[in-house]
Amino acid sequence: MTDPTRRKDGDRNAHEPERTDPSPAFEFDCEFCDEAFLSETVEAVRDRGATHLETHRDSLLTEFADRERGRECDNDCGYVFPVGVDEVAGFECRSCGHDNFESFAHRYLYWQIERS
Ligand SMILES: [Zn+2]
Ligand SMILES: [Zn+2]
């Protein structure tokens with residue numbers, strides 16, 4: 001995510017965005033506990049949510065098995081996660097060992113994050 005046209009620090013301060021409404025625009029309510037995350041950008045909510053979801057890894061595994069059945073490993077190794085909750089033992093790819101948790105957490109968060 002590097003943008004070579006935006007490397008001059010002088011430009012960055014020249015156009016400070018004027019915010020008249022600082023209220024958070026995006027919200028993620030964790031369905032596994034009472035925590036909620038609000039921010040002005042969806043990326044900020046997603047990043048904090050993904051970190052938080054690490055604590056719900058086991059709970060999220062059920063969601064992963066339910067939603068990602070038949071989906072290929074994010075590492076492009078060709079492995080396809082087996083269909084059925086009982087067969088999905090974890091987020092790790094059985095073929096290459098890639099941990100699919102973070103990418104799944106991000107997708108999950110995009111489904112869950114709402115505009116407030
Ligand atoms: Zn939670
Ligand atoms: Zn893999």
# chains A, B, ... in the order shown; residues from 1 in each chain; ligands from 1
$ residues_near_ligand --ligand "ligand 1" --cutoff "9 Å" --atoms "only C-alpha atoms and all ligand atoms" --output "PyMOL selection string"
chain A and resi 29-36+49+52-56
$ residues_near_ligand --ligand "ligand 2" --cutoff "10 Å" --atoms "only C-alpha atoms and all ligand atoms" --output "JSON, numbers by chain"
{"A": [72, 73, 74, 75, 76, 77, 78, 79, 80, 81, 92, 93, 94, 95, 96, 97, 98, 99, 100]}
$ select_by_dssp --residues "stretch 53-108 of chain A" --states "alpha helix (DSSP H)" --output "ChimeraX atom specification"
/A:53,57-67,101-108
$ residues_around --residues "A:Val83" --least-positions-apart "6" --cutoff "8 Å" --atoms "only C-alpha atoms" --output "PDB file with C-alpha atoms, in the first residue's frame"
ATOM      1  CA  ALA A  65     -16.409 -23.658   8.959  1.00  0.00           C
ATOM      2  CA  ARG A  69     -16.640 -24.422   3.190  1.00  0.00           C
ATOM      3  CA  GLY A  70     -15.292 -25.245  -0.203  1.00  0.00           C
TER       4      GLY A  70
END
$ atom_distance --atom1 "atom CA of A:Phe104" --atom2 "atom CA of A:Asp66"
11.9 Å
$ closest_residue --among "A:Ala89, A:Ala25, A:Leu60, A:Val42" --to "A:Glu102" --atoms "only C-alpha atoms"
A:Leu60
$ atom_distance --atom1 "atom CA of A:Ser116" --atom2 "atom CA of A:Pro24"
7.3 Å
$ residues_around --residues "A:Phe28" --least-positions-apart "6" --cutoff "7 Å" --atoms "only C-alpha atoms" --output "PyMOL selection string"
chain A and resi 36-38+45+112-114
$ write_last_selection --atoms "C-alpha atoms" --output "short mmCIF file (atom, residue, chain, number, x, y, z; two decimals), in the first residue's frame"
data_model
loop_
_atom_site.label_atom_id
_atom_site.label_comp_id
_atom_site.auth_asym_id
_atom_site.auth_seq_id
_atom_site.Cartn_x
_atom_site.Cartn_y
_atom_site.Cartn_z
CA ALA A 36 -18.22 -2.63 20.54
CA PHE A 37 -15.74 -0.79 18.34
CA LEU A 38 -16.48 2.55 16.74
CA VAL A 45 -12.73 -0.64 13.06
CA GLN A 112 -20.41 -7.32 10.51
CA ILE A 113 -19.33 -3.69 10.46
CA GLU A 114 -22.25 -1.31 10.16
#
$ residues_around --residues "A:Glu43" --least-positions-apart "6" --cutoff "10 Å" --atoms "only C-alpha atoms" --output "count of residues only"
5
